file query19.cif (mmCIF, C-alpha atoms)
data_structure
loop_
_atom_site.label_atom_id
_atom_site.label_comp_id
_atom_site.auth_asym_id
_atom_site.auth_seq_id
_atom_site.Cartn_x
_atom_site.Cartn_y
_atom_site.Cartn_z
CA MET A 330 0.84 9.58 -3.33
CA ASP A 331 -2.72 10.73 -3.77
CA GLU A 332 -3.52 9.75 -0.18
CA ARG A 333 -0.55 11.79 0.98
CA GLY A 334 -1.80 14.82 -0.95
CA GLU A 335 1.00 14.82 -3.54
CA ARG A 336 -0.24 16.57 -6.67
CA VAL A 337 2.47 16.03 -9.27
CA VAL A 338 4.98 13.24 -9.92
CA SER A 339 7.81 13.00 -12.48
CA SER A 340 8.63 9.94 -14.56
CA ALA A 341 11.98 9.83 -12.69
CA GLN A 342 10.19 9.59 -9.33
CA LEU A 343 7.85 6.90 -10.62
CA ALA A 344 10.84 5.04 -12.07
CA THR A 345 12.63 5.00 -8.71
CA ARG A 346 9.53 3.64 -6.97
CA CYS A 347 9.20 0.86 -9.53
CA SER A 348 12.92 0.07 -9.83
CA VAL A 349 12.92 0.73 -13.58
CA ASN A 350 14.28 3.67 -15.57
CA ALA A 351 12.42 6.88 -16.41
CA ALA A 352 12.51 6.29 -20.16
CA GLN A 353 10.71 2.97 -19.63
CA VAL A 354 8.00 4.70 -17.58
CA ARG A 355 7.40 7.25 -20.34
CA LYS A 356 7.47 4.57 -23.02
CA ASP A 357 4.96 2.40 -21.17
CA PHE A 358 2.56 5.29 -20.72
CA ALA A 359 3.00 6.40 -24.35
CA TYR A 360 1.72 2.99 -25.42
CA PHE A 361 -1.71 3.97 -24.07
CA GLY A 362 -1.84 7.58 -25.23
CA GLU A 363 -0.87 11.04 -24.01
CA PHE A 364 -0.12 11.39 -20.31
CA GLY A 365 1.58 14.10 -18.33
CA ILE A 366 2.91 17.48 -19.32
CA ARG A 367 6.43 17.99 -20.64
CA GLY A 368 8.66 19.62 -18.01
CA VAL A 369 6.02 19.18 -15.30
CA GLY A 370 5.31 15.48 -14.94
CA TYR A 371 2.02 13.78 -14.24
CA TYR A 372 -0.93 14.96 -12.17
CA VAL A 373 -1.26 12.22 -9.56
CA LYS A 374 -5.07 12.20 -9.41
CA ASP A 375 -5.49 12.13 -13.19
CA LEU A 376 -2.81 9.50 -13.68
CA LEU A 377 -4.40 7.27 -11.05
CA GLN A 378 -7.78 7.45 -12.80
CA ASP A 379 -6.21 6.88 -16.23
CA ILE A 380 -4.30 3.82 -15.04
CA LYS A 381 -7.39 2.38 -13.35
CA ARG A 382 -9.40 2.88 -16.51
CA ILE A 383 -6.72 1.24 -18.69
CA LEU A 384 -6.40 -1.73 -16.37
CA GLY A 385 -10.15 -2.14 -16.00
CA LEU A 386 -9.90 -1.36 -12.29
CA ASN A 387 -12.32 1.56 -12.21
CA ARG A 388 -15.09 -0.84 -11.30
CA GLU A 389 -15.86 -3.84 -9.11
CA TRP A 390 -14.95 -7.39 -10.20
CA ARG A 391 -17.17 -10.10 -8.78
CA MET A 392 -15.40 -13.39 -8.12
CA ALA A 393 -16.18 -16.95 -7.06
CA LEU A 394 -13.71 -19.10 -5.15
CA ILE A 395 -13.80 -22.86 -5.68
CA GLY A 396 -12.07 -25.24 -3.26
CA ILE A 397 -12.00 -24.27 0.41
CA GLY A 398 -8.83 -25.96 1.63
CA ASN A 399 -6.04 -24.15 3.46
CA LEU A 400 -5.22 -21.89 0.55
CA GLY A 401 -8.85 -21.16 -0.32
CA SER A 402 -9.54 -20.18 3.30
CA ALA A 403 -6.51 -17.89 3.28
CA LEU A 404 -7.69 -16.18 0.10
CA LEU A 405 -11.22 -15.72 1.48
CA SER A 406 -9.74 -13.49 4.15
CA TYR A 407 -7.11 -11.80 1.95
CA LYS A 408 -7.81 -8.14 2.62
CA ASP A 409 -5.96 -6.76 -0.38
CA PHE A 410 -8.51 -8.19 -2.79
CA LEU A 411 -11.24 -6.00 -1.40
CA LYS A 412 -9.01 -2.95 -1.18
CA GLN A 413 -8.70 -3.13 -4.95
CA ASN A 414 -12.33 -3.77 -5.83
CA TYR A 415 -11.99 -7.54 -6.19
CA LYS A 416 -14.91 -9.04 -4.34
CA ILE A 417 -15.42 -12.73 -3.58
CA VAL A 418 -19.21 -13.02 -3.72
CA ALA A 419 -19.50 -16.82 -3.69
CA ALA A 420 -17.51 -19.81 -2.45
CA PHE A 421 -17.90 -23.43 -3.50
CA ASP A 422 -16.68 -26.78 -2.33
CA ILE A 423 -17.54 -30.40 -2.98
CA ASN A 424 -18.29 -30.71 0.73
CA PRO A 425 -19.63 -27.36 1.94
CA LEU A 426 -20.72 -28.65 5.37
CA LYS A 427 -17.24 -29.88 6.18
CA VAL A 428 -15.51 -26.55 5.48
CA ILE A 429 -18.04 -24.13 6.97
CA GLY A 430 -16.41 -24.08 10.40
CA ARG A 431 -13.03 -23.22 8.96
CA VAL A 432 -14.38 -20.40 6.84
CA SER A 433 -16.59 -18.66 9.37
CA GLU A 434 -13.85 -18.84 11.99
CA LYS A 435 -11.66 -16.70 9.77
CA LEU A 436 -14.11 -14.13 8.50
CA GLY A 437 -16.00 -11.47 10.35
CA LYS A 438 -18.88 -11.85 7.94
CA PRO A 439 -18.60 -15.31 6.42
CA VAL A 440 -19.18 -15.99 2.76
CA GLU A 441 -21.70 -18.79 2.42
CA VAL A 442 -20.08 -21.95 1.04
CA LEU A 443 -22.25 -23.65 -1.57
CA HIS A 444 -22.06 -27.07 -3.15
CA ILE A 445 -20.16 -27.04 -6.44
CA SER A 446 -23.30 -28.19 -8.28
CA ARG A 447 -24.73 -24.71 -7.69
CA LEU A 448 -21.87 -22.95 -9.49
CA ARG A 449 -23.65 -22.43 -12.80
CA ASP A 450 -26.84 -20.86 -11.46
CA THR A 451 -25.07 -18.82 -8.81
CA ALA A 452 -22.55 -17.44 -11.27
CA LYS A 453 -25.35 -16.02 -13.40
CA GLU A 454 -27.42 -14.75 -10.45
CA ARG A 455 -24.45 -12.99 -8.84
CA LYS A 456 -22.90 -11.79 -12.11
CA ILE A 457 -19.57 -13.49 -11.46
CA GLU A 458 -16.81 -12.71 -13.97
CA ILE A 459 -13.74 -14.31 -12.37
CA GLY A 460 -13.36 -17.78 -10.88
CA ILE A 461 -10.52 -18.57 -8.47
CA ILE A 462 -9.53 -22.24 -8.49
CA THR A 463 -7.95 -23.50 -5.27
CA THR A 464 -8.83 -27.17 -5.62
CA PRO A 465 -6.29 -30.00 -5.86
CA ALA A 466 -4.65 -30.26 -9.29
CA SER A 467 -6.71 -33.33 -10.14
CA GLU A 468 -9.97 -31.34 -9.95
CA ALA A 469 -8.83 -28.09 -11.57
CA GLN A 470 -9.73 -28.84 -15.20
CA SER A 471 -13.23 -30.06 -14.38
CA VAL A 472 -13.84 -26.96 -12.25
CA ALA A 473 -12.57 -24.84 -15.15
CA ASN A 474 -15.04 -26.61 -17.43
CA LEU A 475 -17.87 -25.73 -15.03
CA LEU A 476 -16.74 -22.09 -15.04
CA VAL A 477 -16.73 -22.07 -18.84
CA GLU A 478 -20.24 -23.56 -18.88
CA ALA A 479 -21.30 -20.77 -16.54
CA GLU A 480 -19.67 -18.25 -18.90
CA VAL A 481 -17.23 -17.03 -16.26
CA ARG A 482 -14.63 -15.60 -18.63
CA GLY A 483 -11.65 -15.12 -16.31
CA ILE A 484 -9.92 -17.81 -14.24
CA LEU A 485 -7.25 -17.33 -11.61
CA ASN A 486 -5.71 -20.76 -11.15
CA PHE A 487 -3.78 -21.73 -8.02
CA ALA A 488 -3.81 -25.46 -8.72
CA PRO A 489 -0.39 -26.73 -9.84
CA THR A 490 -1.54 -27.89 -13.26
CA GLN A 491 -2.17 -26.45 -16.69
CA ILE A 492 -5.78 -25.61 -17.52
CA LYS A 493 -7.24 -25.41 -21.02
CA VAL A 494 -10.14 -23.12 -21.89
CA PRO A 495 -11.85 -22.18 -25.19
CA GLU A 496 -11.10 -18.96 -27.04
CA GLY A 497 -12.60 -15.90 -25.39
CA TYR A 498 -11.71 -17.21 -21.93
CA VAL A 499 -8.58 -16.22 -20.02
CA VAL A 500 -6.56 -18.19 -17.46
CA ARG A 501 -3.79 -16.78 -15.29
CA ASP A 502 -1.80 -19.13 -13.09
CA VAL A 503 -0.35 -18.44 -9.67
CA LEU A 504 2.16 -21.24 -9.34
CA PHE A 505 4.23 -20.88 -6.19
CA THR A 506 6.73 -23.50 -7.25
CA SER A 507 7.32 -21.77 -10.61
CA VAL A 508 8.33 -18.62 -8.77
CA LEU A 509 10.55 -20.71 -6.51
CA ASP A 510 12.09 -22.39 -9.55
CA ASN A 511 12.93 -18.96 -10.89
CA LEU A 512 14.47 -18.01 -7.54
CA ALA A 513 16.48 -21.24 -7.39
CA TYR A 514 17.75 -20.61 -10.90
CA LEU A 515 18.89 -17.07 -10.04
CA LEU A 516 20.57 -18.28 -6.84
CA THR A 517 22.36 -21.04 -8.77
CA ASN A 518 23.59 -18.98 -11.73
CA MET B 1096 6.46 -38.62 -19.09
CA ASP B 1097 9.32 -40.32 -17.28
CA GLU B 1098 6.90 -41.71 -14.69
CA ARG B 1099 4.78 -43.12 -17.52
CA GLY B 1100 7.83 -44.81 -19.03
CA GLU B 1101 8.00 -42.61 -22.14
CA ARG B 1102 11.56 -42.67 -23.46
CA VAL B 1103 11.62 -40.04 -26.22
CA VAL B 1104 9.76 -36.78 -26.80
CA SER B 1105 9.80 -34.39 -29.77
CA SER B 1106 9.95 -30.60 -29.56
CA ALA B 1107 6.49 -30.56 -31.18
CA GLN B 1108 5.07 -32.72 -28.37
CA LEU B 1109 6.70 -30.54 -25.72
CA ALA B 1110 5.38 -27.45 -27.48
CA THR B 1111 1.80 -28.72 -27.40
CA ARG B 1112 2.07 -29.47 -23.68
CA CYS B 1113 3.37 -25.97 -22.97
CA SER B 1114 1.08 -24.12 -25.38
CA VAL B 1115 4.01 -22.62 -27.30
CA ASN B 1116 5.44 -23.50 -30.71
CA ALA B 1117 8.11 -26.11 -31.43
CA ALA B 1118 10.64 -23.56 -32.71
CA GLN B 1119 10.43 -21.75 -29.37
CA VAL B 1120 11.10 -24.99 -27.48
CA ARG B 1121 14.20 -25.70 -29.57
CA LYS B 1122 15.39 -22.10 -29.26
CA ASP B 1123 14.97 -22.10 -25.48
CA PHE B 1124 16.94 -25.33 -25.09
CA ALA B 1125 19.64 -24.10 -27.50
CA TYR B 1126 20.25 -21.20 -25.14
CA PHE B 1127 21.66 -23.70 -22.62
CA GLY B 1128 23.60 -25.94 -24.99
CA GLU B 1129 23.08 -29.05 -27.06
CA PHE B 1130 20.02 -31.14 -26.30
CA GLY B 1131 18.27 -33.86 -28.21
CA ILE B 1132 19.10 -35.63 -31.43
CA ARG B 1133 18.02 -34.35 -34.82
CA GLY B 1134 15.20 -36.41 -36.26
CA VAL B 1135 14.70 -38.27 -32.97
CA GLY B 1136 13.86 -35.74 -30.31
CA TYR B 1137 14.91 -35.69 -26.69
CA TYR B 1138 15.54 -38.59 -24.34
CA VAL B 1139 13.06 -37.94 -21.53
CA LYS B 1140 15.30 -39.10 -18.67
CA ASP B 1141 18.33 -37.11 -19.86
CA LEU B 1142 16.29 -34.00 -20.58
CA LEU B 1143 14.71 -34.11 -17.13
CA GLN B 1144 18.12 -34.29 -15.47
CA ASP B 1145 19.51 -31.53 -17.70
CA ILE B 1146 16.59 -29.20 -16.94
CA LYS B 1147 16.86 -29.88 -13.21
CA ARG B 1148 20.57 -29.13 -13.30
CA ILE B 1149 20.05 -25.87 -15.25
CA LEU B 1150 17.30 -24.71 -12.90
CA GLY B 1151 19.24 -25.66 -9.79
CA LEU B 1152 16.59 -28.23 -8.90
CA ASN B 1153 18.84 -31.27 -8.67
CA ARG B 1154 19.21 -30.64 -4.97
CA GLU B 1155 17.22 -29.68 -1.87
CA TRP B 1156 16.47 -26.02 -1.06
CA ARG B 1157 16.04 -25.26 2.62
CA MET B 1158 13.54 -22.53 3.39
CA ALA B 1159 12.24 -20.50 6.32
CA LEU B 1160 8.71 -19.13 6.46
CA ILE B 1161 8.10 -15.90 8.35
CA GLY B 1162 4.59 -14.84 9.36
CA ILE B 1163 2.12 -17.57 10.30
CA GLY B 1164 -1.20 -15.98 9.39
CA ASN B 1165 -3.76 -17.64 7.12
CA LEU B 1166 -1.51 -17.62 4.10
CA GLY B 1167 1.59 -18.75 6.02
CA SER B 1168 -0.36 -21.67 7.47
CA ALA B 1169 -1.58 -22.62 4.01
CA LEU B 1170 1.96 -22.59 2.63
CA LEU B 1171 3.27 -24.69 5.52
CA SER B 1172 1.02 -27.48 4.33
CA TYR B 1173 1.48 -26.89 0.58
CA LYS B 1174 2.44 -30.35 -0.61
CA ASP B 1175 3.88 -29.28 -3.95
CA PHE B 1176 6.85 -27.58 -2.31
CA LEU B 1177 8.12 -30.83 -0.92
CA LYS B 1178 7.45 -32.74 -4.11
CA GLN B 1179 9.95 -30.46 -5.81
CA ASN B 1180 12.67 -30.50 -3.17
CA TYR B 1181 11.66 -27.23 -1.51
CA LYS B 1182 11.67 -27.87 2.21
CA ILE B 1183 10.40 -25.51 4.91
CA VAL B 1184 12.78 -26.27 7.78
CA ALA B 1185 11.86 -23.36 10.07
CA ALA B 1186 8.87 -21.11 10.74
CA PHE B 1187 8.87 -17.78 12.56
CA ASP B 1188 6.32 -15.41 13.97
CA ILE B 1189 6.32 -12.45 16.29
CA ASN B 1190 3.97 -14.41 18.53
CA PRO B 1191 4.85 -18.10 18.20
CA LEU B 1192 2.68 -19.25 21.11
CA LYS B 1193 -0.44 -17.75 19.56
CA VAL B 1194 -0.05 -19.50 16.21
CA ILE B 1195 1.12 -22.93 17.34
CA GLY B 1196 -2.40 -24.35 17.53
CA ARG B 1197 -3.22 -23.30 14.03
CA VAL B 1198 -0.04 -24.77 12.59
CA SER B 1199 -0.04 -28.14 14.32
CA GLU B 1200 -3.71 -28.63 13.50
CA LYS B 1201 -2.85 -28.49 9.81
CA LEU B 1202 0.31 -30.55 9.68
CA GLY B 1203 0.85 -34.19 10.38
CA LYS B 1204 4.30 -33.42 11.69
CA PRO B 1205 4.28 -29.76 12.73
CA VAL B 1206 7.16 -27.42 12.02
CA GLU B 1207 8.20 -25.75 15.25
CA VAL B 1208 7.31 -22.04 15.22
CA LEU B 1209 10.09 -19.88 16.67
CA HIS B 1210 10.15 -16.26 17.73
CA ILE B 1211 11.41 -13.96 14.97
CA SER B 1212 14.39 -12.96 17.14
CA ARG B 1213 15.80 -16.43 16.54
CA LEU B 1214 15.84 -16.03 12.75
CA ARG B 1215 19.52 -15.17 12.41
CA ASP B 1216 20.96 -18.03 14.46
CA THR B 1217 18.50 -20.57 13.15
CA ALA B 1218 19.14 -19.61 9.51
CA LYS B 1219 22.84 -20.39 9.94
CA GLU B 1220 22.30 -23.57 11.97
CA ARG B 1221 19.79 -25.00 9.51
CA LYS B 1222 21.55 -23.74 6.36
CA ILE B 1223 18.54 -21.81 5.13
CA GLU B 1224 18.88 -20.29 1.65
CA ILE B 1225 15.37 -19.03 0.91
CA GLY B 1226 13.06 -16.97 3.14
CA ILE B 1227 9.31 -16.85 2.47
CA ILE B 1228 7.68 -13.66 3.73
CA THR B 1229 3.98 -13.96 4.58
CA THR B 1230 3.75 -11.11 7.07
CA PRO B 1231 1.54 -8.02 6.66
CA ALA B 1232 2.97 -5.49 4.17
CA SER B 1233 4.01 -3.18 7.01
CA GLU B 1234 6.46 -5.78 8.40
CA ALA B 1235 7.85 -7.15 5.13
CA GLN B 1236 10.85 -4.85 4.69
CA SER B 1237 12.08 -5.32 8.27
CA VAL B 1238 11.78 -9.09 7.91
CA ALA B 1239 13.71 -8.84 4.62
CA ASN B 1240 16.41 -6.90 6.47
CA LEU B 1241 16.66 -9.70 9.05
CA LEU B 1242 16.98 -12.25 6.24
CA VAL B 1243 19.78 -10.20 4.66
CA GLU B 1244 21.56 -9.99 8.03
CA ALA B 1245 21.29 -13.76 8.25
CA GLU B 1246 22.71 -14.03 4.72
CA VAL B 1247 19.61 -15.74 3.36
CA ARG B 1248 20.14 -14.86 -0.29
CA GLY B 1249 16.73 -15.64 -1.79
CA ILE B 1250 13.40 -14.15 -0.75
CA LEU B 1251 9.93 -15.20 -1.89
CA ASN B 1252 7.68 -12.30 -0.97
CA PHE B 1253 3.92 -12.70 -0.56
CA ALA B 1254 3.40 -9.36 1.20
CA PRO B 1255 1.73 -6.80 -1.08
CA THR B 1256 4.62 -4.33 -1.02
CA GLN B 1257 7.94 -3.82 -2.76
CA ILE B 1258 11.02 -5.04 -0.90
CA LYS B 1259 14.53 -3.71 -1.39
CA VAL B 1260 17.62 -5.87 -0.85
CA PRO B 1261 21.36 -5.29 -1.46
CA GLU B 1262 23.15 -6.64 -4.53
CA GLY B 1263 23.74 -10.35 -4.39
CA TYR B 1264 20.29 -10.97 -2.92
CA VAL B 1265 17.23 -11.92 -4.97
CA VAL B 1266 13.55 -11.16 -4.33
CA ARG B 1267 10.64 -12.66 -6.23
CA ASP B 1268 7.14 -11.44 -5.52
CA VAL B 1269 3.93 -13.43 -5.54
CA LEU B 1270 1.33 -10.70 -5.71
CA PHE B 1271 -2.16 -12.12 -6.13
CA THR B 1272 -3.67 -8.75 -6.96
CA SER B 1273 -1.08 -8.13 -9.72
CA VAL B 1274 -2.17 -11.34 -11.40
CA LEU B 1275 -5.81 -10.29 -10.97
CA ASP B 1276 -4.99 -6.87 -12.43
CA ASN B 1277 -3.56 -8.62 -15.46
CA LEU B 1278 -6.70 -10.77 -15.74
CA ALA B 1279 -8.97 -7.72 -15.38
CA TYR B 1280 -6.99 -5.96 -18.10
CA LEU B 1281 -7.33 -8.91 -20.50
CA LEU B 1282 -11.05 -9.21 -19.78
CA THR B 1283 -11.53 -5.49 -20.39
CA ASN B 1284 -9.53 -5.13 -23.61
#
call {"tool": "encode", "arguments": {"input": "query19.cif", "output": "structure tokens"}}
result
Amino acid sequence: MDERGERVVSSAQLATRCSVNAAQVRKDFAYFGEFGIRGVGYYVKDLLQDIKRILGLNREWRMALIGIGNLGSALLSYKDFLKQNYKIVAAFDINPLKVIGRVSEKLGKPVEVLHISRLRDTAKERKIEIGIITTPASEAQSVANLLVEAEVRGILNFAPTQIKVPEGYVVRDVLFTSVLDNLAYLLTN
Amino acid sequence: MDERGERVVSSAQLATRCSVNAAQVRKDFAYFGEFGIRGVGYYVKDLLQDIKRILGLNREWRMALIGIGNLGSALLSYKDFLKQNYKIVAAFDINPLKVIGRVSEKLGKPVEVLHISRLRDTAKERKIEIGIITTPASEAQSVANLLVEAEVRGILNFAPTQIKVPEGYVVRDVLFTSVLDNLAYLLTN
């Protein structure tokens, strides 16, 4: 909306875009404080900044990607990350020489692939805060342990297995088959 | 547990595995009927079959994948789909000749990539029930429309955009940046 030059938006308009109801939009915003002006709506530019601040998106997040298989390669060239200030600043594999061809073929400016043993030092040097795990399930926990050792506090896990981390660390899973299970359930019932 | 020959499991053991509490496990099961035996727990084999039946996973789901970019190629070779009875039986692209090299390179037995214009007929012939959209965001809604025309009732959407479908159809999104936003929020607050 901001890009299109729209200045004001109502909770009803936002609700339609998000396929929820207007009361829910107002309630969700109210949880974080005062937004918008009664009878007018929300100023698009202000709302955008407020939401970014709340979500922690008003700054860059520096990420490392570990495991350069098919999925890892796809994520290295996933343009939407960068559009939203998520930046992959390091990539690791157990066999960096083997995967270098695949990576550079897909990227205009390739990210250097380092051996996994360099995770700890590199994470500190490059101020990495989020680690993306795209290894096989069997390797995911040990990679998570390395990330914890390197004090990388956030983990985005694509490996189909459950990862345990100490308090103060956060894991979010992207499990394709869980989403499919949900779809299968809805189609069945 | 079944593969390891374990015969019985308690709600407390299940709870630990899932990082929830035992009362929640019992409550969730109770929602679907009577499971387990008081003071004993659940018979692993029976519980597995019951859960599969409830989730609609006691049968094969036939899927089509549309958009063979980096992510589409990665999903074509995602082994966990097959392990859970999700089978990609057709792949489509707007330029099938261009992507064939990439696909066959990654798969032992390549899935034939067809032109998108063949989606409707192929979906009926091959009894496809789920469509996976891995196109750019700009093409996602028109691909969804084609899936609806072909009466493919379930859509797994990887394109970073919101898709609308008529009643009776189900869309589930896999939005990597949404999961990252959630992670960024938790790391910030």
call {"tool": "closest_residue", "arguments": {"input": "query19.cif", "among": "B:Ala1107, B:Leu1209, B:Val1266, B:Ala1245", "to": "chain A", "atoms": "all atoms listed in the file"}}
result
B:Val1266
call {"tool": "closest_residue", "arguments": {"input": "query19.cif", "among": "A:Val369, A:Phe505, A:Pro425, A:Ile492", "to": "Ala1169 of chain B", "atoms": "only C-alpha atoms"}}
result
A:Phe505
call {"tool": "resolve_selection", "arguments": {"input": "query19.cif", "expression": "the PyMOL selection byres ((chain A and resi 368) around 12)", "output": "list in words"}}
result
Val337, Val338, Ser339, Ser340, Ala341, Gly365, Ile366, Arg367, Val369, Gly370 and Tyr371 of chain A
call {"tool": "interface_residues", "arguments": {"input": "query19.cif", "of": "chain A", "to": "chain B", "cutoff": "9 Å", "atoms": "only C-alpha atoms", "output": "ChimeraX atom specification"}}
result
/A:346-347,383-386,390,398-404,406-407,409-410,413,415,435,458-459,482-485,489,491,497-506,508-518
call {"tool": "closest_residue", "arguments": {"input": "query19.cif", "among": "B:Ile1161, B:Val1208, B:Leu1192, B:Ile1223", "to": "Gln1236 of chain B", "atoms": "only C-alpha atoms"}}
result
B:Ile1161
call {"tool": "atom_distance", "arguments": {"input": "query19.cif", "atom1": "atom CA of Gln1108 of chain B", "atom2": "atom CA of Ala469 of chain A"}}
result
22.3 Å
call {"tool": "resolve_selection", "arguments": {"input": "query19.cif", "expression": "the PyMOL selection byres ((chain B and resi 1216) around 12)", "output": "ChimeraX atom specification"}}
result
/B:1185,1209-1215,1217-1223,1241-1242,1244-1247
call {"tool": "closest_residue", "arguments": {"input": "query19.cif", "among": "B:Ile1146, B:Val1120, B:Val1260, B:Ala1125", "to": "Val1238 of chain B", "atoms": "all atoms listed in the file"}}
result
B:Val1260
call {"tool": "atom_distance", "arguments": {"input": "query19.cif", "atom1": "atom CA of Ala393 of chain A", "atom2": "atom CA of Asn414 of chain A"}}
result
13.8 Å
call {"tool": "atom_distance", "arguments": {"input": "query19.cif", "atom1": "atom CA of Met330 of chain A", "atom2": "atom CA of Ser1273 of chain B"}}
result
18.9 Å
call {"tool": "closest_residue", "arguments": {"input": "query19.cif", "among": "B:Glu1207, B:Glu1155, B:Glu1098, B:Asp1145", "to": "Glu1129 of chain B", "atoms": "only C-alpha atoms"}}
result
B:Asp1145
call {"tool": "build_atoms", "arguments": {"input": "query19.cif", "residues": "segment 1267-1284 of chain B", "atoms": "N, CA and C atoms", "output": "short mmCIF file (atom, residue, chain, number, x, y, z; two decimals), in the coordinates of the input"}}
result
data_model
loop_
_atom_site.label_atom_id
_atom_site.label_comp_id
_atom_site.auth_asym_id
_atom_site.auth_seq_id
_atom_site.Cartn_x
_atom_site.Cartn_y
_atom_site.Cartn_z
N ARG B 1267 11.70 -12.41 -5.27
CA ARG B 1267 10.64 -12.66 -6.23
C ARG B 1267 9.32 -12.47 -5.51
N ASP B 1268 8.42 -11.74 -6.14
CA ASP B 1268 7.14 -11.44 -5.52
C ASP B 1268 6.05 -12.38 -6.02
N VAL B 1269 5.16 -12.77 -5.14
CA VAL B 1269 3.93 -13.43 -5.54
C VAL B 1269 2.80 -12.50 -5.10
N LEU B 1270 2.35 -11.69 -6.04
CA LEU B 1270 1.33 -10.70 -5.71
C LEU B 1270 0.02 -11.10 -6.38
N PHE B 1271 -0.90 -11.62 -5.57
CA PHE B 1271 -2.16 -12.12 -6.13
C PHE B 1271 -2.89 -11.02 -6.88
N THR B 1272 -2.90 -9.82 -6.32
CA THR B 1272 -3.67 -8.75 -6.96
C THR B 1272 -3.03 -8.33 -8.29
N SER B 1273 -1.70 -8.44 -8.42
CA SER B 1273 -1.08 -8.13 -9.72
C SER B 1273 -1.57 -9.08 -10.79
N VAL B 1274 -1.69 -10.37 -10.44
CA VAL B 1274 -2.17 -11.34 -11.40
C VAL B 1274 -3.64 -11.06 -11.74
N LEU B 1275 -4.41 -10.67 -10.72
CA LEU B 1275 -5.81 -10.29 -10.97
C LEU B 1275 -5.89 -9.04 -11.84
N ASP B 1276 -5.00 -8.08 -11.60
CA ASP B 1276 -4.99 -6.87 -12.43
C ASP B 1276 -4.77 -7.25 -13.89
N ASN B 1277 -3.86 -8.17 -14.11
CA ASN B 1277 -3.56 -8.62 -15.46
C ASN B 1277 -4.79 -9.29 -16.09
N LEU B 1278 -5.47 -10.10 -15.29
CA LEU B 1278 -6.70 -10.77 -15.74
C LEU B 1278 -7.78 -9.73 -16.06
N ALA B 1279 -7.96 -8.76 -15.17
CA ALA B 1279 -8.97 -7.72 -15.38
C ALA B 1279 -8.68 -6.94 -16.66
N TYR B 1280 -7.39 -6.69 -16.89
CA TYR B 1280 -6.99 -5.96 -18.10
C TYR B 1280 -7.35 -6.76 -19.35
N LEU B 1281 -7.04 -8.06 -19.34
CA LEU B 1281 -7.33 -8.91 -20.50
C LEU B 1281 -8.84 -9.05 -20.72
N LEU B 1282 -9.60 -9.09 -19.64
CA LEU B 1282 -11.05 -9.21 -19.78
C LEU B 1282 -11.68 -7.90 -20.28
N THR B 1283 -11.00 -6.79 -20.00
CA THR B 1283 -11.53 -5.49 -20.39
C THR B 1283 -11.21 -5.17 -21.85
N ASN B 1284 -10.04 -5.59 -22.32
CA ASN B 1284 -9.53 -5.13 -23.61
C ASN B 1284 -9.62 -6.20 -24.71
#
